[in-house]
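One structure is given below, encoded as structure tokens.
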Amino acid sequence: MPKIPTIRFSLLLAALLHGLAVSQTSDSAINMVVAAADEQPAAWRFTTSAPARNWFEPDFDDRSWSEGNAGFGTAGTPGAIIGTQWETPRIWLRRDFLLPDPLPPNLHLWMNHDEDAEVYLNGRLAHRVSGWTTDYQIFPIATAVREMLKSGRNRLAIHCRQTSGGQYIDAGLVSLAPAAASKTRWEAGRANAWFSSQPLPIGFNYVPANAISYTEMWMDDGFDPELIDRELAVAQTVGFNCLRVVLPFVVWEAEADAFKRRFEIFLNLCEKRGIKVTPCFFDDCVFGSIVDPVFGKQPEVVKGWYANGWTPSPGHARAKDPLVRPALERYVKDIMTAHRGDRRILYWDLYNEPSNSGMGSASLSLLRDVFRWAREINPTQPVTSGIWGGSQRVTQLLKHESDIITFHNYHPPDQLRNEIRDLKRLGRPVVCTEWLNRPFKSTVEDCLPVFIEEGVGALHWGMVNGRTQTDLPWGHHSAITYTGPWQHDIFRPDHSPYDPHEIEMFKSVIRGTAVRPRSE
């Protein structure tokens with residue numbers, strides 16, 4: 001599902017600003033060694049009054065300092081995870097941490113700062129930064145300081161200065177180990193051969209007009225095969241050859257057999273209309289108040305509220321709870337085992353926008369697990385999860401585990417083309433599984449030609465506007481009539497096109513790409 005965008009540095013920009021070679025992370029897995037607040041808030045000693053000059057030394061006595069949980073700053077600062085309020089111009093922090101034996105390789109700082117900061121490790125200056133970030137980034141540790149780190153107890157100390165606007169500081173340590181994809185990850189040659197053997201995937205993300213969420217779509221009261229068939233018939237007239245749809249864990253959990261029968265009906269309806277299906281198991285996105293879906297009657301539409309009844313899957317609490325993990329594994333394997341060789345399935349999208357809507361690194365564990373479960377089933381279709389702008393660790397995992405590279409992009413054509421060309425360097429097929437945001441200049445007229453020229457698949461959001469009210473912009477909560485550009489979808493609820501020219505463009509490019517040239 002589309003996300004409310006946030007301002008953030010790209011990996012390349014962060015690398016240039018902070019002196020970290022891009023190749024160092026593009027071929028490395030980011031593993032947390034000393035947790036920061038984006039994974040597990042740590043207790044620090046801190047003071048906002050100027051301490052003695054040797055405050056950063058390992059044996060300095062900080063027992064008179066206050067104690068608080070990371071991170072430190074003010075609410076509303078972009079990317080901040082506030083554990084302790086900090087509003088003064090300066091703050092000094094200290095904490096002990098343990099390192100294993102042997103030491104993890106290639107240790108770096110993992111830090112979010114607003115603004116200037118000096119970081120000390122075991123009494124030596126490890127790194128100095130100025131300005132600010134809007135999320136957690138990788139920073140190098142001075143070589144001489146890194147060599148002083150030892151197994152057992154070490155000391156981290158930070159001084160941060162605030163000058164204007166928001167303020168925040170937090171840090172941990174990560175290891176940049178060589179990334180090893182799962183043993184059964186498809187070789188690039190196999191992935192490219194698969195991609196070249198079929199039409200360029202041009203399709204849409206699908207929620208029927210009568211459903212306020214995927215939970216409602218798949219429940220007995222919401223599942224409407226006749227309506228779905230009518231809407232897929234409209235899609236067939238355009239020539240779309242694929243769609244993407246999320247499967248809700250809570251419905252499978254409550255009535256697995258009934259849910260699987262509905263899924264079989266849905267696959268048959270799609271096959272009837274010449275449309276292949278990309279199922280998605282998990283989704284972190286939240287647009288209203290529902291962070292943990294329930295099986296039962298879903299909310300009524302609140303007029304003027306974008307996707308007010310949207311539900312994540314399995315829900316934020318379940319995604320974090322290790323006791324639920326066996327049930328999630330049974331869910332994934334139940335569906336995948338039944339369809340591991342199903343020609344109606346185009347590929348499997350394992351997790352939509354992991355870490356979105358405040359989940360952060362809490363999604364990492366489930367993301368790793370769902371890739372592992374999929375590999376154990378070993379489907380004949382490729383598996384993937386889309387790159388969307390979440391945390392660096394999530395992005396790196398997605399790049400190194402996905403058979404084909406999928407991504408989301410709601411930006412103008414120049415930014416879209418730049419991201420495509422960057423992702424093509426990974427040497428695998430590329431498919432954009434979410435795009436089309438007219439207020440953001442992600443339009444059919446401007447962006448569809450980019451996908452065709454680059455030989456990249458494209459599944460826009462969405463098809464027929466309905467109870468999700470995705471004609472409204474992200475975050476729209478007002479009952480006041482919205483008069484700006486229609487955001488998503490290409491058909492109105494009565495199946496008339498929002499813009500007939502867009503439909504003609506889709507028809508034209510799909511006819512022209514029934515057999516497409518080989519990718520570079």
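Numbering starts fresh at 1 for the residues of each chain in the structure tokens, the chains themselves are lettered A, B, ... in the order given, and ligands are numbered from 1 as they appear.
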
Which of range 300-388 of chain A fall in strand (DSSP E or B), as a PyMOL selection string: chain A and resi 313+345+348-352+383-384+387

Grab the residues selected above and save them as a PDB file, in the first residue's frame with N, CA and C atoms.
```pdb
ATOM      1  N   SER A 313      -1.247  -6.731   7.931  1.00  0.00           N
ATOM      2  CA  SER A 313      -1.293  -8.190   8.095  1.00  0.00           C
ATOM      3  C   SER A 313       0.106  -8.675   8.461  1.00  0.00           C
ATOM      4  N   ILE A 345      -0.045 -18.103 -10.675  1.00  0.00           N
ATOM      5  CA  ILE A 345       0.766 -17.228  -9.822  1.00  0.00           C
ATOM      6  C   ILE A 345       1.954 -16.706 -10.621  1.00  0.00           C
ATOM      7  N   TRP A 348       5.715 -14.458  -5.982  1.00  0.00           N
ATOM      8  CA  TRP A 348       5.263 -14.244  -4.606  1.00  0.00           C
ATOM      9  C   TRP A 348       5.902 -12.989  -4.041  1.00  0.00           C
ATOM     10  N   ASP A 349       5.074 -12.072  -3.548  1.00  0.00           N
ATOM     11  CA  ASP A 349       5.552 -10.874  -2.856  1.00  0.00           C
ATOM     12  C   ASP A 349       5.360 -11.135  -1.364  1.00  0.00           C
ATOM     13  N   LEU A 350       6.452 -11.372  -0.645  1.00  0.00           N
ATOM     14  CA  LEU A 350       6.354 -11.921   0.700  1.00  0.00           C
ATOM     15  C   LEU A 350       5.925 -10.913   1.758  1.00  0.00           C
ATOM     16  N   TYR A 351       6.271  -9.631   1.571  1.00  0.00           N
ATOM     17  CA  TYR A 351       6.011  -8.666   2.653  1.00  0.00           C
ATOM     18  C   TYR A 351       5.923  -7.276   2.033  1.00  0.00           C
ATOM     19  N   ASN A 352       4.781  -6.614   2.189  1.00  0.00           N
ATOM     20  CA  ASN A 352       4.614  -5.268   1.655  1.00  0.00           C
ATOM     21  C   ASN A 352       5.135  -4.230   2.645  1.00  0.00           C
ATOM     22  N   VAL A 383      10.440 -15.367  -5.716  1.00  0.00           N
ATOM     23  CA  VAL A 383       9.943 -14.676  -4.529  1.00  0.00           C
ATOM     24  C   VAL A 383      10.677 -13.349  -4.393  1.00  0.00           C
ATOM     25  N   THR A 384       9.989 -12.380  -3.789  1.00  0.00           N
ATOM     26  CA  THR A 384      10.545 -11.038  -3.673  1.00  0.00           C
ATOM     27  C   THR A 384       9.834 -10.301  -2.557  1.00  0.00           C
ATOM     28  N   ILE A 387      11.373  -2.977  -2.380  1.00  0.00           N
ATOM     29  CA  ILE A 387      12.151  -1.875  -1.805  1.00  0.00           C
ATOM     30  C   ILE A 387      11.281  -0.621  -1.852  1.00  0.00           C
TER      31      ILE A 387
END
```

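With only C-alpha atoms taken into account, the protein and nucleic acid residues at most 9 Å from Asp38 in chain A (excluding it and anything under 4 positions from it in its own chain) are Gly71, Ala80, Ile81, Tyr136, Met359, Gly360, Ser361 and Ala362 of chain A.
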
Please report, as an MDAnalysis selection string, each residue of range 337-502 of chain A to which DSSP assigns helix (DSSP H, G or I) when run on this structure's backbone. chainID A and resid 337:339 360:377 392:401 413:424 438:440 444:454 500:502

List the neighbours of Asp101 in chain A out to 10 Å using only C-alpha atoms; skip same-chain residues closer than 4 positions along the sequence, and give me the result as a ChimeraX atom specification. /A:150-152

I need the chosen residues saved as an mmCIF file, in the first residue's frame, with C-alpha atoms.
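So result-v7.cif came out as:
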```cif
data_model
loop_
_atom_site.group_PDB
_atom_site.id
_atom_site.type_symbol
_atom_site.label_atom_id
_atom_site.label_comp_id
_atom_site.auth_asym_id
_atom_site.auth_seq_id
_atom_site.Cartn_x
_atom_site.Cartn_y
_atom_site.Cartn_z
ATOM 1 C CA LYS A 150 37.511 -5.530 22.583
ATOM 2 C CA SER A 151 35.350 -8.465 23.492
ATOM 3 C CA GLY A 152 33.551 -7.818 26.747
#
```

Residues near His408 in chain A, cut-off 7 Å, only C-alpha atoms, skip fewer than 3 positions along chain, as a PyMOL selection string: chain A and resi 386-388+432-435

Smallest atom-to-atom distance to Pro322 in chain A: which of A:Ser357, A:Ser402, A:Ser196, A:Ser365, using only C-alpha atoms? A:Ser365

Can you measure CA of Arg425 in chain A to CA of Glu187 in chain A for me? One decimal in Å is fine.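 If I compute the distance from CA of Arg425 in chain A to CA of Glu187 in chain A, I get 15.0 Å.
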
Compile the contact shell of Arg438 in chain A as a PyMOL selection string: residues with an atom at most 12 Å away, counting only C-alpha atoms, same-chain residues fewer than 4 positions apart removed. chain A and resi 410-413+442-447+460-461+470-474+484-490+498-499+502

Give me, as CSV, each residue of range 414-468 of chain A that comes within 12 Å of range 277-290 of chain A, together with its shortest interatomic pair and the distance in Å at one decimal, counting only C-alpha atoms, with rows ordered by chain and rising residue number.
```
residue,atom,partner,partner_atom,distance
A:Val431,CA,A:Thr278,CA,11.8
A:Thr433,CA,A:Thr278,CA,9.7
A:Leu459,CA,A:Thr278,CA,10.3
A:Thr468,CA,A:Phe287,CA,10.2
```

Atoms to include: N, CA, C and O atoms. Write the selected residues as a short mmCIF file (atom, residue, chain, number, x, y, z; two decimals), in the first residue's frame.
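Result went into part_37.cif, see below:
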```
data_model
loop_
_atom_site.label_atom_id
_atom_site.label_comp_id
_atom_site.auth_asym_id
_atom_site.auth_seq_id
_atom_site.Cartn_x
_atom_site.Cartn_y
_atom_site.Cartn_z
N VAL A 431 10.86 -4.92 -11.32
CA VAL A 431 9.43 -4.66 -11.45
C VAL A 431 9.03 -3.64 -10.39
O VAL A 431 9.35 -3.80 -9.21
N THR A 433 6.21 -2.42 -8.20
CA THR A 433 4.93 -2.98 -7.77
C THR A 433 3.99 -1.95 -7.16
O THR A 433 2.89 -2.30 -6.74
N LEU A 459 3.17 -2.18 -11.86
CA LEU A 459 1.83 -2.43 -11.32
C LEU A 459 1.44 -1.20 -10.51
O LEU A 459 1.99 -0.93 -9.45
N THR A 468 -12.06 2.35 -0.16
CA THR A 468 -10.77 2.82 0.36
C THR A 468 -10.56 4.32 0.13
O THR A 468 -9.67 4.90 0.73
#
```

Selection near Asp114 in chain A, 10 Å with only C-alpha atoms, sequence-local residues under 5 positions removed, as a PyMOL selection string: chain A and resi 73+77-80+129-135+160-170

Give me, as a list in words, all polymer residues having an atom no more than 9 Å from Ala35 in chain A, counting only C-alpha atoms and skipping those fewer than 6 positions away in the same chain. Pro41, Ala42, Trp110, Ala171, Gly172, Leu173 and Val174 of chain A

Next, the residues of the selection above should be written as a short mmCIF file (atom, residue, chain, number, x, y, z; two decimals), in the first residue's frame with N, CA, C and O atoms.
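File written: part.cif
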```
data_model
loop_
_atom_site.label_atom_id
_atom_site.label_comp_id
_atom_site.auth_asym_id
_atom_site.auth_seq_id
_atom_site.Cartn_x
_atom_site.Cartn_y
_atom_site.Cartn_z
N PRO A 41 15.29 0.12 22.71
CA PRO A 41 15.83 1.27 23.45
C PRO A 41 16.76 0.85 24.58
O PRO A 41 16.43 -0.06 25.36
N ALA A 42 17.91 1.48 24.67
CA ALA A 42 18.89 1.17 25.72
C ALA A 42 18.88 2.26 26.78
O ALA A 42 18.50 3.41 26.52
N TRP A 110 25.83 3.24 14.07
CA TRP A 110 24.45 3.29 13.54
C TRP A 110 23.78 4.42 14.31
O TRP A 110 23.47 4.30 15.49
N ALA A 171 22.46 6.28 19.18
CA ALA A 171 23.48 5.55 18.41
C ALA A 171 23.62 4.13 18.93
O ALA A 171 23.34 3.84 20.10
N GLY A 172 24.07 3.28 18.04
CA GLY A 172 24.45 1.91 18.37
C GLY A 172 25.58 1.50 17.45
O GLY A 172 26.23 2.34 16.83
N LEU A 173 25.80 0.19 17.32
CA LEU A 173 26.84 -0.32 16.44
C LEU A 173 26.26 -1.40 15.54
O LEU A 173 25.41 -2.19 15.97
N VAL A 174 26.71 -1.40 14.28
CA VAL A 174 26.33 -2.45 13.35
C VAL A 174 27.59 -3.07 12.76
O VAL A 174 28.66 -2.46 12.73
#
```

Using only C-alpha atoms, find the one residue out of A:Val370, A:Ala338, A:Val294, A:Met505 that sits nearest to Tyr214 in chain A. A:Val294

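Counting only C-alpha atoms and comparing A:Ile202, A:Ile377, A:Leu232, A:Val456, the residue that lies closest to Ile405 in chain A is A:Val456.
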
Which residue, A:Leu121, A:Cys242, A:Ala479, A:Leu267, has the smallest gap to Tyr306 in chain A when you use only C-alpha atoms?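 Smallest distance to Tyr306 in chain A is found for A:Ala479.
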
For the atom pair CA of Leu366 in chain A and CA of Thr380 in chain A, what is the interatomic distance in Å to one decimal place?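 Pair CA of Leu366 in chain A / CA of Thr380 in chain A returns 22.5 Å.
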
Proximity to Ile212 in chain A - best of A:Pro299, A:Pro439, A:Gly123, A:Pro51, only C-alpha atoms: A:Pro299

Nearest residue to Arg492 in chain A from the set A:Ala209, A:Ala70, A:Val238, A:Ile228 (distances using only C-alpha atoms): A:Ala209

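The space separating CA of Arg155 in chain A from CA of Asn122 in chain A comes to 5.0 Å.
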